[in-house]
Amino acid sequence: MEAVIRQIRDKDPEQHEFHQAVDEVVESVKPVLERNFEYRQQSVLQRITEPERVIMFRVPWMDDEGQVQVNRGFRVEMNSALGPYKGGLRFHASVNLGIIKFLAFEQVFKNSLTTLAMGGGKGGSDFDPKGKSDNEMMRFCQSFMAELFRHIGPNTDVPAGDIGVGAREIGYLFGMYKKLANEFTGVLTGKSLAWGGSLIRPEATGYGSVYFAAEMLATKRETLEGKQCLVSGSGNVAQFTTEKILDLGGKVLTLSDSSGHIFDEEGIDAEKLEFVKEVKNIRRGRISDYLEKYPGAVYTPVNPTMDHNPIWSHRADCAFPSATQNEINAQDALNLVAGGLHLVCEGANMPTTPEAVDVFHQEGLLFAPGKAANAGGVAVSGLEMAQNSMRLSWPRKEVDDRLKQIMKSIHSTCLDAADEYGRTGNYVAGANIAGFVKVVNAMLDQGLV
Ligand code: NDP
């Protein structure tokens, strides 16, 4: 196992996030490999860490000044043992191949946990949507799809949204796919309701994350009622995490974006959340705009020279990191523990560094890894694919009930797998083991391909 990890590092030394994701999985599945000779003999670890296909392409587009710009596009088709590749597209300046590979790798295990027939993939671009006009967004999406369309399809690879890719972008991407492929199919999820989307898809990741947190609390005979919660981010996941926490009687104190965070001691209630949605989804403004309407809140800008992120220095019961990777470091974890935290539920992908996860485990906190806690988004994407295939649209309650059921089942799957390998209560080990075993068994059934 050490040799495999070394090989991965030597091959692509700059892919730090991918190494981090692989290290965590390998640490968890060590006892599984030790127990199973066939897994070792069939080199499953080498096979599962190597993408089936990596597509990297030029995305030229013209800005509003008539200047030609060039970005880089990616799609990593990681593993198709359980179904068509499935996973979002991220448009953010920080995107590179290592980040897309880490996200695609995580997606394989996450999709396996949902019990739906989906392989894992991820894609995106280093294009920065901040400050771009609608027309620039459309031209970029069309150019991106002009290449991507030849690699995807409803039974091959079904992308969705992620950071920087929401309903508007999915619309432009879908329009171009439809024109080029000359077919109207469920090739993307997160579509608008009027043309093939599913009810609850926008809410699914945030709602699912809170359902998962409620399941964890129930193991301690607790609920979210009256709990003080810190939420980071202010995009899709953060907004619907906040909405569901409020539904279940919790209080949300913070939200953030890449420029800073707001702290509202009175709590961000439903009316304030509506304002945040308007600022972020319609005006495409900054979280600091919150103070325009609610001047009683405090805004703290990001300070890159600090060794910690001040959003995690507030006292609270629960934390829902829902912005981006590695946003909680060991110092943040210590600050959270000192503030009386009981539970961390990862809405984002890998928002907690390995050192911070160690702190939470040592302190005996309830800790849910993103690949389990945020799987509700892709699960409802899977339900969107099912509805598209049947040309049907299920009612809101039906999709929400299925989402709840899936989150409940992921929760118990994690606990059972952790128990089986002597890691009782460790959701990280449980998620990795359960996700891994299902994918690897399918790979072995399908032979050496
Ligand atoms: P959005 O683009 O809707 O929102 C992202 C939020 O995170 C914004 O507030 C953004 O701030 C902030 N953010 C992004 N990058 C950084 C950064 N480097 N530092 C600090 N803040 C940052 O994305 P989503 O809400 O969809 O995604 C959030 C997380 O959830 C990601 O990790 C994503 O992979 C994960 N996820 C999303 C799913 C989904 O269904 N959407 C499904 C499963 C996981 P700003 O506006 O300044 O960029």
# chains A, B, ... in the order shown; residues from 1 in each chain; ligands from 1

$ select_by_dssp --residues "range 6-207 of chain A" --states "strand (DSSP E)" --output "ChimeraX atom specification"
/A:53-62,68-79,85-91,120-125,157-160

$ residues_around --residues "Asp247 in chain A" --least-positions-apart "6" --cutoff "10 Å" --atoms "only C-alpha atoms" --output "list in words"
Tyr207, Leu224, Glu225, Thr241 and Ala270 of chain A

$ write_last_selection --atoms "C-alpha atoms" --output "short mmCIF file (atom, residue, chain, number, x, y, z; two decimals), in the first residue's frame"
data_model
loop_
_atom_site.label_atom_id
_atom_site.label_comp_id
_atom_site.auth_asym_id
_atom_site.auth_seq_id
_atom_site.Cartn_x
_atom_site.Cartn_y
_atom_site.Cartn_z
CA TYR A 207 -30.98 19.24 2.94
CA LEU A 224 -30.92 20.04 16.03
CA GLU A 225 -33.57 21.91 18.04
CA THR A 241 -28.15 23.76 4.64
CA ALA A 270 -35.81 32.66 6.96
#

$ residues_near_ligand --ligand "ligand 1" --cutoff "6 Å" --atoms "only C-alpha atoms and all ligand atoms" --output "number ranges by chain"
A: 161-164, 205, 233-238, 256-259, 322-325, 347-349, 374, 377

$ write_last_selection --atoms "N, CA and C atoms" --output "CSV table (one decimal), in the first residue's frame"
chain,number,residue,atom,x,y,z
A,161,GLY,N,-23.8,20.3,-11.7
A,161,GLY,CA,-23.2,21.6,-11.3
A,161,GLY,C,-22.2,21.3,-10.1
A,162,ASP,N,-21.4,22.3,-9.8
A,162,ASP,CA,-20.6,22.3,-8.6
A,162,ASP,C,-20.3,23.8,-8.4
A,163,ILE,N,-19.2,24.1,-7.7
A,163,ILE,CA,-18.8,25.6,-7.5
A,163,ILE,C,-18.8,26.3,-8.9
A,164,GLY,N,-19.5,27.4,-8.9
A,164,GLY,CA,-19.5,28.2,-10.1
A,164,GLY,C,-20.4,27.7,-11.2
A,205,THR,N,-28.3,18.8,-1.8
A,205,THR,CA,-27.1,18.6,-1.1
A,205,THR,C,-27.2,19.2,0.3
A,233,GLY,N,-19.6,29.3,3.4
A,233,GLY,CA,-20.1,29.4,2.1
A,233,GLY,C,-21.4,30.1,2.1
A,234,SER,N,-21.8,30.5,0.9
A,234,SER,CA,-23.2,31.2,0.8
A,234,SER,C,-23.7,30.8,-0.6
A,235,GLY,N,-23.3,29.7,-1.2
A,235,GLY,CA,-23.8,29.3,-2.4
A,235,GLY,C,-24.9,28.2,-2.3
A,236,ASN,N,-25.0,27.4,-3.2
A,236,ASN,CA,-26.1,26.4,-3.2
A,236,ASN,C,-26.1,25.6,-2.0
A,237,VAL,N,-25.0,25.0,-1.6
A,237,VAL,CA,-25.0,24.0,-0.5
A,237,VAL,C,-25.3,24.8,0.8
A,238,ALA,N,-24.6,25.9,1.0
A,238,ALA,CA,-24.8,26.7,2.3
A,238,ALA,C,-26.2,27.2,2.4
A,256,SER,N,-20.4,32.7,4.6
A,256,SER,CA,-19.2,33.3,4.1
A,256,SER,C,-19.1,33.2,2.6
A,257,ASP,N,-18.1,33.9,2.1
A,257,ASP,CA,-17.7,33.6,0.7
A,257,ASP,C,-16.2,33.8,0.7
A,258,SER,N,-15.6,33.8,-0.5
A,258,SER,CA,-14.1,33.8,-0.5
A,258,SER,C,-13.5,35.1,-0.1
A,259,SER,N,-14.3,36.1,0.2
A,259,SER,CA,-13.8,37.4,0.7
A,259,SER,C,-13.9,37.6,2.2
A,322,SER,N,-19.3,24.4,4.2
A,322,SER,CA,-20.0,24.2,2.9
A,322,SER,C,-19.5,25.1,1.8
A,323,ALA,N,-18.2,25.4,1.8
A,323,ALA,CA,-17.6,26.3,0.8
A,323,ALA,C,-16.7,25.5,-0.1
A,324,THR,N,-15.5,25.1,0.4
A,324,THR,CA,-14.5,24.5,-0.4
A,324,THR,C,-13.6,23.6,0.3
A,325,GLN,N,-12.6,23.0,-0.4
A,325,GLN,CA,-11.7,22.1,0.3
A,325,GLN,C,-10.7,22.8,1.2
A,347,GLY,N,-20.5,19.6,4.3
A,347,GLY,CA,-21.3,19.9,3.1
A,347,GLY,C,-20.5,20.0,1.9
A,348,ALA,N,-19.3,20.6,2.0
A,348,ALA,CA,-18.3,20.7,0.9
A,348,ALA,C,-17.5,19.4,0.8
A,349,ASN,N,-16.8,19.3,-0.3
A,349,ASN,CA,-15.9,18.2,-0.5
A,349,ASN,C,-14.5,18.4,0.2
A,374,ASN,N,-22.6,14.8,2.0
A,374,ASN,CA,-23.1,15.6,0.9
A,374,ASN,C,-23.6,14.8,-0.3
A,377,GLY,N,-26.9,15.4,-2.9
A,377,GLY,CA,-27.0,16.1,-4.2
A,377,GLY,C,-26.9,15.1,-5.4

$ closest_atom_pairs --of "range 170-215 of chain A" --to "range 142-148 of chain A" --cutoff "7 Å" --atoms "only C-alpha atoms" --output "tab-separated table"
residue	atom	partner	partner_atom	distance
A:Tyr172	CA	A:Gln142	CA	6.6
A:Leu173	CA	A:Met145	CA	6.0
A:Met176	CA	A:Gln142	CA	5.7
A:Tyr177	CA	A:Met145	CA	6.4

$ closest_residue --among "A:Leu366, A:Ile410, A:Met443, A:Ala373" --to "Ala218 in chain A" --atoms "only C-alpha atoms"
A:Leu366

$ residues_around --residues "Glu203 in chain A" --least-positions-apart "2" --cutoff "12 Å" --atoms "only C-alpha atoms" --output "VMD selection string"
chain A and resid 190 198 to 201 205 to 211 235 to 244 374 376 to 381 396 399 to 400 403

$ write_last_selection --atoms "N, CA, C and O atoms" --output "tab-separated table (two decimals), in the first residue's frame"
chain	number	residue	atom	x	y	z
A	190	GLY	N	-29.49	18.79	-12.74
A	190	GLY	CA	-29.53	20.16	-12.20
A	190	GLY	C	-30.22	21.06	-13.21
A	190	GLY	O	-30.06	22.28	-13.18
A	198	SER	N	-35.43	18.00	-11.70
A	198	SER	CA	-36.20	17.32	-10.65
A	198	SER	C	-36.46	18.30	-9.52
A	198	SER	O	-35.59	19.09	-9.15
A	199	LEU	N	-37.67	18.19	-8.96
A	199	LEU	CA	-37.95	18.93	-7.72
A	199	LEU	C	-36.93	18.47	-6.69
A	199	LEU	O	-36.47	17.32	-6.71
A	200	ILE	N	-36.56	19.36	-5.77
A	200	ILE	CA	-35.63	19.08	-4.67
A	200	ILE	C	-34.16	18.97	-5.10
A	200	ILE	O	-33.28	18.95	-4.28
A	201	ARG	N	-33.86	18.96	-6.43
A	201	ARG	CA	-32.43	18.88	-6.79
A	201	ARG	C	-31.64	20.07	-6.27
A	201	ARG	O	-30.58	19.89	-5.67
A	205	THR	N	-28.34	18.78	-1.77
A	205	THR	CA	-27.06	18.61	-1.06
A	205	THR	C	-27.17	19.19	0.35
A	205	THR	O	-26.79	18.53	1.33
A	206	GLY	N	-27.70	20.40	0.45
A	206	GLY	CA	-27.83	21.04	1.76
A	206	GLY	C	-28.81	20.30	2.67
A	206	GLY	O	-28.51	19.99	3.82
A	207	TYR	N	-29.99	19.97	2.13
A	207	TYR	CA	-30.98	19.24	2.94
A	207	TYR	C	-30.38	17.90	3.38
A	207	TYR	O	-30.50	17.51	4.55
A	208	GLY	N	-29.76	17.21	2.43
A	208	GLY	CA	-29.22	15.88	2.73
A	208	GLY	C	-28.18	15.95	3.83
A	208	GLY	O	-28.12	15.09	4.72
A	209	SER	N	-27.35	16.98	3.78
A	209	SER	CA	-26.30	17.14	4.79
A	209	SER	C	-26.92	17.32	6.19
A	209	SER	O	-26.47	16.72	7.18
A	210	VAL	N	-28.02	18.09	6.25
A	210	VAL	CA	-28.66	18.30	7.55
A	210	VAL	C	-29.40	17.02	7.99
A	210	VAL	O	-29.40	16.68	9.18
A	211	TYR	N	-29.99	16.29	7.04
A	211	TYR	CA	-30.62	15.01	7.42
A	211	TYR	C	-29.56	14.08	8.01
A	211	TYR	O	-29.82	13.35	8.97
A	235	GLY	N	-23.25	29.72	-1.16
A	235	GLY	CA	-23.76	29.27	-2.45
A	235	GLY	C	-24.86	28.24	-2.25
A	235	GLY	O	-25.54	28.22	-1.22
A	236	ASN	N	-25.00	27.38	-3.24
A	236	ASN	CA	-26.10	26.41	-3.24
A	236	ASN	C	-26.14	25.58	-1.96
A	236	ASN	O	-27.18	25.50	-1.29
A	237	VAL	N	-25.02	24.97	-1.60
A	237	VAL	CA	-25.04	24.04	-0.46
A	237	VAL	C	-25.30	24.80	0.85
A	237	VAL	O	-26.13	24.40	1.67
A	238	ALA	N	-24.62	25.92	1.03
A	238	ALA	CA	-24.76	26.69	2.28
A	238	ALA	C	-26.20	27.21	2.44
A	238	ALA	O	-26.77	27.17	3.54
A	239	GLN	N	-26.78	27.67	1.34
A	239	GLN	CA	-28.14	28.24	1.44
A	239	GLN	C	-29.15	27.19	1.90
A	239	GLN	O	-29.97	27.44	2.80
A	240	PHE	N	-29.09	26.00	1.29
A	240	PHE	CA	-30.12	25.01	1.64
A	240	PHE	C	-29.78	24.25	2.92
A	240	PHE	O	-30.67	23.68	3.56
A	241	THR	N	-28.51	24.28	3.31
A	241	THR	CA	-28.15	23.76	4.64
A	241	THR	C	-28.78	24.66	5.68
A	241	THR	O	-29.42	24.19	6.64
A	242	THR	N	-28.64	25.96	5.49
A	242	THR	CA	-29.23	26.93	6.42
A	242	THR	C	-30.75	26.75	6.48
A	242	THR	O	-31.33	26.71	7.58
A	243	GLU	N	-31.36	26.61	5.30
A	243	GLU	CA	-32.83	26.47	5.26
A	243	GLU	C	-33.30	25.27	6.08
A	243	GLU	O	-34.25	25.35	6.87
A	244	LYS	N	-32.61	24.14	5.93
A	244	LYS	CA	-33.05	22.92	6.63
A	244	LYS	C	-32.72	22.98	8.13
A	244	LYS	O	-33.49	22.51	8.96
A	374	ASN	N	-22.57	14.80	1.99
A	374	ASN	CA	-23.10	15.64	0.91
A	374	ASN	C	-23.56	14.80	-0.29
A	374	ASN	O	-23.79	15.34	-1.39
A	376	GLY	N	-26.35	13.62	-0.86
A	376	GLY	CA	-27.75	13.86	-1.23
A	376	GLY	C	-27.88	14.54	-2.59
A	376	GLY	O	-28.84	14.29	-3.32
A	377	GLY	N	-26.90	15.38	-2.93
A	377	GLY	CA	-26.96	16.10	-4.21
A	377	GLY	C	-26.90	15.13	-5.38
A	377	GLY	O	-27.78	15.13	-6.26
A	378	VAL	N	-25.90	14.27	-5.35
A	378	VAL	CA	-25.77	13.33	-6.48
A	378	VAL	C	-26.88	12.28	-6.42
A	378	VAL	O	-27.32	11.78	-7.46
A	379	ALA	N	-27.36	11.98	-5.22
A	379	ALA	CA	-28.46	11.00	-5.12
A	379	ALA	C	-29.69	11.53	-5.85
A	379	ALA	O	-30.30	10.82	-6.66
A	380	VAL	N	-30.02	12.81	-5.62
A	380	VAL	CA	-31.20	13.35	-6.33
A	380	VAL	C	-30.89	13.56	-7.81
A	380	VAL	O	-31.78	13.46	-8.66
A	381	SER	N	-29.61	13.77	-8.15
A	381	SER	CA	-29.25	13.78	-9.58
A	381	SER	C	-29.57	12.41	-10.18
A	381	SER	O	-30.06	12.32	-11.31
A	396	ARG	N	-42.73	16.77	-5.20
A	396	ARG	CA	-41.71	17.24	-4.26
A	396	ARG	C	-41.56	16.30	-3.06
A	396	ARG	O	-40.46	15.91	-2.68
A	399	VAL	N	-39.74	13.00	-3.83
A	399	VAL	CA	-38.28	13.10	-3.98
A	399	VAL	C	-37.64	13.36	-2.62
A	399	VAL	O	-36.62	12.75	-2.26
A	400	ASP	N	-38.27	14.23	-1.82
A	400	ASP	CA	-37.71	14.55	-0.50
A	400	ASP	C	-37.71	13.30	0.39
A	400	ASP	O	-36.74	13.05	1.11
A	403	LEU	N	-34.92	11.16	-0.69
A	403	LEU	CA	-33.65	11.73	-0.24
A	403	LEU	C	-33.41	11.39	1.23
A	403	LEU	O	-32.32	10.94	1.61

$ residues_around --residues "Gly121 in chain A" --least-positions-apart "4" --cutoff "8 Å" --atoms "only C-alpha atoms" --output "mmCIF file with all heavy atoms, in the first residue's frame"
data_model
loop_
_atom_site.group_PDB
_atom_site.id
_atom_site.type_symbol
_atom_site.label_atom_id
_atom_site.label_comp_id
_atom_site.auth_asym_id
_atom_site.auth_seq_id
_atom_site.Cartn_x
_atom_site.Cartn_y
_atom_site.Cartn_z
ATOM 1 N N ARG A 75 -12.263 16.934 -17.930
ATOM 2 C CA ARG A 75 -13.245 15.947 -17.465
ATOM 3 C C ARG A 75 -12.447 14.695 -17.094
ATOM 4 O O ARG A 75 -11.708 14.155 -17.931
ATOM 5 C CB ARG A 75 -14.275 15.623 -18.546
ATOM 6 C CG ARG A 75 -15.399 14.694 -18.055
ATOM 7 C CD ARG A 75 -16.381 15.404 -17.144
ATOM 8 N NE ARG A 75 -17.428 14.499 -16.633
ATOM 9 C CZ ARG A 75 -18.210 14.767 -15.591
ATOM 10 N NH1 ARG A 75 -18.098 15.927 -14.949
ATOM 11 N NH2 ARG A 75 -19.113 13.912 -15.190
ATOM 12 N N VAL A 76 -12.551 14.293 -15.847
ATOM 13 C CA VAL A 76 -11.875 13.073 -15.395
ATOM 14 C C VAL A 76 -12.942 12.005 -15.228
ATOM 15 O O VAL A 76 -13.836 12.124 -14.388
ATOM 16 C CB VAL A 76 -11.114 13.309 -14.070
ATOM 17 C CG1 VAL A 76 -10.575 11.988 -13.521
ATOM 18 C CG2 VAL A 76 -9.972 14.292 -14.297
ATOM 19 N N GLU A 77 -12.880 10.968 -16.076
ATOM 20 C CA GLU A 77 -13.822 9.845 -15.994
ATOM 21 C C GLU A 77 -13.125 8.781 -15.154
ATOM 22 O O GLU A 77 -12.293 8.031 -15.642
ATOM 23 C CB GLU A 77 -14.197 9.392 -17.403
ATOM 24 C CG GLU A 77 -14.929 10.514 -18.147
ATOM 25 C CD GLU A 77 -15.385 10.178 -19.571
ATOM 26 O OE1 GLU A 77 -14.774 9.289 -20.204
ATOM 27 O OE2 GLU A 77 -16.344 10.812 -20.042
ATOM 28 N N MET A 78 -13.444 8.784 -13.876
ATOM 29 C CA MET A 78 -12.630 8.031 -12.914
ATOM 30 C C MET A 78 -12.959 6.549 -12.900
ATOM 31 O O MET A 78 -12.064 5.713 -12.964
ATOM 32 C CB MET A 78 -12.863 8.628 -11.515
ATOM 33 C CG MET A 78 -11.810 8.245 -10.508
ATOM 34 S SD MET A 78 -10.318 9.211 -10.791
ATOM 35 C CE MET A 78 -9.116 8.283 -9.869
ATOM 36 N N ASN A 79 -14.238 6.217 -12.770
ATOM 37 C CA ASN A 79 -14.591 4.804 -12.589
ATOM 38 C C ASN A 79 -16.036 4.571 -13.025
ATOM 39 O O ASN A 79 -16.935 5.287 -12.607
ATOM 40 C CB ASN A 79 -14.434 4.438 -11.106
ATOM 41 C CG ASN A 79 -14.461 2.949 -10.891
ATOM 42 O OD1 ASN A 79 -15.453 2.300 -11.177
ATOM 43 N ND2 ASN A 79 -13.363 2.406 -10.403
ATOM 44 N N TYR A 85 -20.391 7.469 -15.736
ATOM 45 C CA TYR A 85 -19.673 8.451 -14.919
ATOM 46 C C TYR A 85 -20.661 9.536 -14.510
ATOM 47 O O TYR A 85 -21.485 9.961 -15.317
ATOM 48 C CB TYR A 85 -18.536 9.109 -15.717
ATOM 49 C CG TYR A 85 -17.615 8.125 -16.380
ATOM 50 C CD1 TYR A 85 -17.678 7.897 -17.750
ATOM 51 C CD2 TYR A 85 -16.677 7.411 -15.633
ATOM 52 C CE1 TYR A 85 -16.837 6.989 -18.369
ATOM 53 C CE2 TYR A 85 -15.830 6.504 -16.254
ATOM 54 C CZ TYR A 85 -15.913 6.295 -17.619
ATOM 55 O OH TYR A 85 -15.089 5.396 -18.222
ATOM 56 N N LYS A 86 -20.555 9.977 -13.274
ATOM 57 C CA LYS A 86 -21.497 10.995 -12.785
ATOM 58 C C LYS A 86 -20.739 11.884 -11.817
ATOM 59 O O LYS A 86 -20.045 11.389 -10.922
ATOM 60 C CB LYS A 86 -22.658 10.288 -12.056
ATOM 61 C CG LYS A 86 -23.692 11.228 -11.515
ATOM 62 C CD LYS A 86 -24.762 11.543 -12.564
ATOM 63 C CE LYS A 86 -25.582 12.755 -12.239
ATOM 64 N NZ LYS A 86 -25.044 14.032 -12.738
ATOM 65 N N GLY A 87 -20.883 13.185 -11.961
ATOM 66 C CA GLY A 87 -20.225 14.133 -11.059
ATOM 67 C C GLY A 87 -20.239 15.507 -11.684
ATOM 68 O O GLY A 87 -20.407 15.643 -12.905
ATOM 69 N N GLY A 88 -20.052 16.520 -10.862
ATOM 70 C CA GLY A 88 -20.282 17.892 -11.291
ATOM 71 C C GLY A 88 -19.161 18.507 -12.109
ATOM 72 O O GLY A 88 -18.094 17.920 -12.324
ATOM 73 N N LEU A 103 -11.613 15.353 -6.741
ATOM 74 C CA LEU A 103 -13.080 15.380 -6.682
ATOM 75 C C LEU A 103 -13.679 14.146 -7.364
ATOM 76 O O LEU A 103 -14.646 13.558 -6.873
ATOM 77 C CB LEU A 103 -13.605 16.664 -7.340
ATOM 78 C CG LEU A 103 -13.313 17.962 -6.557
ATOM 79 C CD1 LEU A 103 -13.495 19.197 -7.443
ATOM 80 C CD2 LEU A 103 -14.205 18.075 -5.310
ATOM 81 N N ALA A 104 -13.072 13.729 -8.483
ATOM 82 C CA ALA A 104 -13.578 12.546 -9.207
ATOM 83 C C ALA A 104 -13.391 11.288 -8.361
ATOM 84 O O ALA A 104 -14.251 10.409 -8.320
ATOM 85 C CB ALA A 104 -12.852 12.405 -10.541
ATOM 86 N N PHE A 105 -12.264 11.215 -7.668
ATOM 87 C CA PHE A 105 -11.961 10.048 -6.821
ATOM 88 C C PHE A 105 -12.971 9.966 -5.673
ATOM 89 O O PHE A 105 -13.569 8.913 -5.436
ATOM 90 C CB PHE A 105 -10.530 10.211 -6.292
ATOM 91 C CG PHE A 105 -10.039 9.063 -5.470
ATOM 92 C CD1 PHE A 105 -9.804 7.820 -6.044
ATOM 93 C CD2 PHE A 105 -9.772 9.215 -4.113
ATOM 94 C CE1 PHE A 105 -9.333 6.750 -5.280
ATOM 95 C CE2 PHE A 105 -9.301 8.162 -3.348
ATOM 96 C CZ PHE A 105 -9.085 6.932 -3.931
ATOM 97 N N GLN A 107 -15.869 11.196 -5.651
ATOM 98 C CA GLN A 107 -17.200 10.973 -6.227
ATOM 99 C C GLN A 107 -17.496 9.482 -6.413
ATOM 100 O O GLN A 107 -18.637 9.046 -6.259
ATOM 101 C CB GLN A 107 -17.261 11.699 -7.588
ATOM 102 C CG GLN A 107 -18.657 11.879 -8.126
ATOM 103 C CD GLN A 107 -19.396 13.052 -7.484
ATOM 104 O OE1 GLN A 107 -18.817 14.114 -7.307
ATOM 105 N NE2 GLN A 107 -20.650 12.862 -7.136
ATOM 106 N N VAL A 108 -16.466 8.703 -6.724
ATOM 107 C CA VAL A 108 -16.654 7.254 -6.942
ATOM 108 C C VAL A 108 -17.235 6.609 -5.685
ATOM 109 O O VAL A 108 -18.199 5.835 -5.744
ATOM 110 C CB VAL A 108 -15.298 6.600 -7.303
ATOM 111 C CG1 VAL A 108 -15.424 5.075 -7.358
ATOM 112 C CG2 VAL A 108 -14.770 7.154 -8.619
ATOM 113 N N ASP A 157 -21.750 9.445 -19.563
ATOM 114 C CA ASP A 157 -21.183 10.375 -18.588
ATOM 115 C C ASP A 157 -22.188 11.519 -18.449
ATOM 116 O O ASP A 157 -22.555 12.147 -19.455
ATOM 117 C CB ASP A 157 -19.826 10.891 -19.106
ATOM 118 C CG ASP A 157 -19.122 11.795 -18.097
ATOM 119 O OD1 ASP A 157 -19.754 12.201 -17.103
ATOM 120 O OD2 ASP A 157 -17.935 12.121 -18.329
ATOM 121 N N PRO A 159 -22.700 14.918 -16.486
ATOM 122 C CA PRO A 159 -22.227 15.973 -15.573
ATOM 123 C C PRO A 159 -23.375 16.714 -14.873
ATOM 124 O O PRO A 159 -24.543 16.561 -15.232
ATOM 125 C CB PRO A 159 -21.464 16.928 -16.493
ATOM 126 C CG PRO A 159 -21.248 16.199 -17.773
ATOM 127 C CD PRO A 159 -22.385 15.227 -17.884
#

$ atom_distance --atom1 "CA of Val252 in chain A" --atom2 "CA of His361 in chain A"
23.9 Å

$ atom_distance --atom1 "CA of Arg53 in chain A" --atom2 "CA of Pro154 in chain A"
17.3 Å

$ closest_atom_pairs --of "range 298-406 of chain A" --to "range 279-292 of chain A" --cutoff "10 Å" --atoms "only C-alpha atoms" --output "CSV"
residue,atom,partner,partner_atom,distance
A:Val298,CA,A:Leu291,CA,7.6
A:Tyr299,CA,A:Ser288,CA,6.3
A:Thr300,CA,A:Ser288,CA,8.5
A:Pro301,CA,A:Ser288,CA,8.5

$ write_last_selection --atoms "N, CA, C and O atoms" --output "PDB file, in the first residue's frame"
ATOM      1  N   VAL A 298     -21.803  41.286  12.035  1.00  0.00           N
ATOM      2  CA  VAL A 298     -20.392  41.704  11.943  1.00  0.00           C
ATOM      3  C   VAL A 298     -19.777  41.026  10.722  1.00  0.00           C
ATOM      4  O   VAL A 298     -19.954  39.815  10.528  1.00  0.00           O
ATOM      5  N   TYR A 299     -19.056  41.802   9.905  1.00  0.00           N
ATOM      6  CA  TYR A 299     -18.370  41.230   8.734  1.00  0.00           C
ATOM      7  C   TYR A 299     -16.871  41.205   8.990  1.00  0.00           C
ATOM      8  O   TYR A 299     -16.278  42.203   9.389  1.00  0.00           O
ATOM      9  N   THR A 300     -16.254  40.053   8.784  1.00  0.00           N
ATOM     10  CA  THR A 300     -14.799  39.943   8.945  1.00  0.00           C
ATOM     11  C   THR A 300     -14.187  39.509   7.619  1.00  0.00           C
ATOM     12  O   THR A 300     -14.490  38.411   7.128  1.00  0.00           O
ATOM     13  N   PRO A 301     -13.361  40.379   7.000  1.00  0.00           N
ATOM     14  CA  PRO A 301     -12.766  39.982   5.717  1.00  0.00           C
ATOM     15  C   PRO A 301     -11.704  38.898   5.907  1.00  0.00           C
ATOM     16  O   PRO A 301     -11.126  38.778   6.994  1.00  0.00           O
TER      17      PRO A 301
END

$ atom_distance --atom1 "CA of Asp64 in chain A" --atom2 "CA of Glu169 in chain A"
17.5 Å

$ residues_around --residues "range 424-434 of chain A" --least-positions-apart "4" --cutoff "10 Å" --atoms "only C-alpha atoms" --output "PyMOL selection string"
chain A and resi 24-32+106+109-110+112-113+216+219+357+361+364-373+410-420+438-439

$ residues_around --residues "Asn335 in chain A" --least-positions-apart "6" --cutoff "9 Å" --atoms "only C-alpha atoms" --output "MDAnalysis selection string"
chainID A and resid 308 312:315

$ write_last_selection --atoms "all heavy atoms" --output "compact mmCIF listing (two decimals), in the first residue's frame"
# COMPACT_ATOMS: atom_id res chain seq x y z
N HIS A 308 -5.33 30.90 11.03
CA HIS A 308 -6.62 30.24 11.20
C HIS A 308 -7.69 31.06 10.50
O HIS A 308 -7.47 32.22 10.13
CB HIS A 308 -6.95 30.07 12.68
CG HIS A 308 -7.21 31.38 13.37
ND1 HIS A 308 -6.19 32.24 13.71
CD2 HIS A 308 -8.36 31.98 13.73
CE1 HIS A 308 -6.71 33.32 14.27
NE2 HIS A 308 -8.03 33.20 14.29
N TRP A 312 -14.32 30.00 12.21
CA TRP A 312 -14.36 28.82 13.09
C TRP A 312 -13.96 29.16 14.53
O TRP A 312 -13.70 28.27 15.33
CB TRP A 312 -13.48 27.69 12.53
CG TRP A 312 -13.78 27.36 11.10
CD1 TRP A 312 -12.91 27.38 10.06
CD2 TRP A 312 -15.06 26.96 10.54
NE1 TRP A 312 -13.55 27.03 8.88
CE2 TRP A 312 -14.87 26.77 9.15
CE3 TRP A 312 -16.34 26.76 11.07
CZ2 TRP A 312 -15.91 26.39 8.29
CZ3 TRP A 312 -17.37 26.38 10.21
CH2 TRP A 312 -17.14 26.20 8.85
N SER A 313 -13.88 30.47 14.85
CA SER A 313 -13.53 30.85 16.23
C SER A 313 -14.76 31.17 17.06
O SER A 313 -14.64 31.46 18.25
CB SER A 313 -12.60 32.07 16.22
OG SER A 313 -11.43 31.76 15.51
N HIS A 314 -15.95 31.14 16.43
CA HIS A 314 -17.17 31.42 17.20
C HIS A 314 -17.61 30.18 17.98
O HIS A 314 -17.43 29.06 17.51
CB HIS A 314 -18.30 31.85 16.26
CG HIS A 314 -17.96 33.06 15.43
ND1 HIS A 314 -17.86 34.33 15.96
CD2 HIS A 314 -17.65 33.18 14.12
CE1 HIS A 314 -17.54 35.18 15.02
NE2 HIS A 314 -17.39 34.51 13.88
N ARG A 315 -18.19 30.41 19.14
CA ARG A 315 -18.73 29.29 19.94
C ARG A 315 -19.96 28.73 19.25
O ARG A 315 -20.82 29.49 18.81
CB ARG A 315 -19.17 29.79 21.33
CG ARG A 315 -18.06 30.22 22.24
CD ARG A 315 -18.59 30.46 23.64
NE ARG A 315 -18.94 29.20 24.31
CZ ARG A 315 -18.05 28.39 24.87
NH1 ARG A 315 -16.77 28.71 24.87
NH2 ARG A 315 -18.44 27.28 25.44

$ residues_around --residues "Glu136 in chain A" --least-positions-apart "6" --cutoff "9 Å" --atoms "only C-alpha atoms" --output "PyMOL selection string"
chain A and resi 61-64+129
